[in-house]
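*Asks:* Got a structure here, written out as structure tokens. Questions coming.
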Amino acid sequence: MARTTVQLEDGYRTTIQSRHHTYHADEPINAGGTDTAPTPSEMLMGALGSCIAITLKMYAERKKWPLENVEVSLDYERFNGKDYEAYGGDALYVHEIRESIKLYGPLDEKQRERLLDIATKCPVRRIIALPTFFIEELVAEDEA
């Protein structure tokens, strides 16, 4: 995987560099940002939705299925872990991500069901859903 670097700019606006692509994240004005780019959470939902759509297109192309387009809408909400009925662990918070997937094209019901199953297997979803471990390293200013 290519390394991604992030540089803080004015207020909370950041510049993100991934391979040869440059993009930005920010916070809304009411949160102290300049509202010139999506928030990091919005970008995460965009990354997840993009991954689902791309995964479905790749699968349909490999199967030669008539998938003409995919539209993914996402929303998320944070809950107290002890208040979330479907959760029995001891995490302070849990997140519920709601996905709405619209498939376009003359697909039969079996193909639609299979594509919905394949949507749960996109790499970004797996990063979010499966255990992930972070390894932090503080780099001295003169080493950067």
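Naming scheme: A, B, ... for chains in displayed order of the structure tokens; residues 1 onward per chain; ligands 1 onward as shown.
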As an MDAnalysis selection string, please: all residues of segment 8-65 of chain A that backbone DSSP puts in strand (DSSP E or B).

*Replies:* chainID A and resid 8 14:18 21:25

*Asks:* Rank A:Ala86, A:Ile118, A:Gln7, A:Asp75 by their smallest atom-to-atom distance to Met45 of chain A, using only C-alpha atoms, and report the top residue only.

*Replies:*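 So, comparing all the options, the nearest one is A:Asp75.
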
*Asks:* With a distance cut-off of 8 Å and only C-alpha atoms, select the neighbouring residues of Thr4 of chain A, excluding the residue or stretch itself and same-chain residues fewer than 4 positions from it, and output the selection as number ranges by chain.

*Replies:* A: 16-19

*Asks:* Include N, CA and C atoms and write out the residues we just selected as a short mmCIF file (atom, residue, chain, number, x, y, z; two decimals), in the first residue's frame.

*Replies:*
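That gives us result_29.cif:
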data_model
loop_
_atom_site.label_atom_id
_atom_site.label_comp_id
_atom_site.auth_asym_id
_atom_site.auth_seq_id
_atom_site.Cartn_x
_atom_site.Cartn_y
_atom_site.Cartn_z
N ILE A 16 -3.92 16.24 2.23
CA ILE A 16 -3.64 14.81 2.26
C ILE A 16 -2.96 14.44 0.95
N GLN A 17 -1.88 13.69 1.04
CA GLN A 17 -1.13 13.25 -0.14
C GLN A 17 -1.10 11.73 -0.15
N SER A 18 -1.68 11.15 -1.20
CA SER A 18 -1.67 9.69 -1.41
C SER A 18 -1.17 9.44 -2.83
N ARG A 19 -0.04 8.77 -2.94
CA ARG A 19 0.62 8.58 -4.23
C ARG A 19 0.79 9.94 -4.89
#

*Asks:* Under the rule that only C-alpha atoms are counted, which of A:Lys110, A:Lys121, A:His24, A:Lys102 is the nearest residue to Asn69 of chain A?

*Replies:*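 Comparing A:Lys110, A:Lys121, A:His24, A:Lys102 against Asn69 of chain A, the winner is A:Lys102.
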
*Asks:* Might you pull out every residue within 10 Å of Leu44 of chain A, with only C-alpha atoms counted and same-chain residues fewer than 5 positions away left off, and present them as a list in words?

*Replies:* Pro38, Thr39, Gly49, Ser50, Val124 and Ile128 of chain A

*Asks:* Could you pull the residues within 8 Å of Tyr104 of chain A, counting only C-alpha atoms, minus those fewer than 5 positions along the same chain, as a ChimeraX atom specification?

*Replies:* /A:67-70

*Asks:* Asn80 of chain A: which residues within 7 Å, counting only C-alpha atoms, same-chain residues fewer than 3 positions away excluded, as a list in words?

*Replies:*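 So, after excluding close chain neighbours, the residues are Asp83, Tyr84, Leu92, Tyr93 and Val94 of chain A.
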
*Asks:* For Leu115 of chain A, list every protein, DNA or RNA residue within 8 Å, evaluated using only C-alpha atoms, and leave out those in the same chain fewer than 6 positions away; present the list as a list in words.

*Replies:*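 Residues meeting the cut-off are Leu56, Tyr59 and Ala60 of chain A.
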
*Asks:* Emit the selected residues as an mmCIF file, in the first residue's frame, including C-alpha atoms.

*Replies:*
data_model
loop_
_atom_site.group_PDB
_atom_site.id
_atom_site.type_symbol
_atom_site.label_atom_id
_atom_site.label_comp_id
_atom_site.auth_asym_id
_atom_site.auth_seq_id
_atom_site.Cartn_x
_atom_site.Cartn_y
_atom_site.Cartn_z
ATOM 1 C CA LEU A 56 -19.606 -4.686 -6.944
ATOM 2 C CA TYR A 59 -17.446 -8.696 -9.362
ATOM 3 C CA ALA A 60 -20.238 -8.111 -11.889
#

*Asks:* Which one is closest to Thr22 of chain A: A:Asp10, A:Ser73, A:Leu107, A:Thr5? Count only C-alpha atoms.

*Replies:*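 The answer is A:Thr5, which sits nearest to Thr22 of chain A.
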
*Asks:* May I have all residues of chain A that DSSP, computed from the backbone, assigns to helix (DSSP H, G or I), given as an MDAnalysis selection string?

*Replies:* chainID A and resid 29:31 40:63 81:83 109:119 123:129 141:143

*Asks:* Report, in Å to a single decimal, how far apart atom CA of Gly46 of chain A and atom CA of Glu113 of chain A are.

*Replies:*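 That distance, rounded to one decimal, is 23.0 Å.
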
*Asks:* Which one is closest to Ala129 of chain A: A:Lys63, A:Leu103, A:Leu48, A:Gly88? Count only C-alpha atoms.

*Replies:*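 Of the candidates, the smallest distance to Ala129 of chain A is held by A:Leu48.
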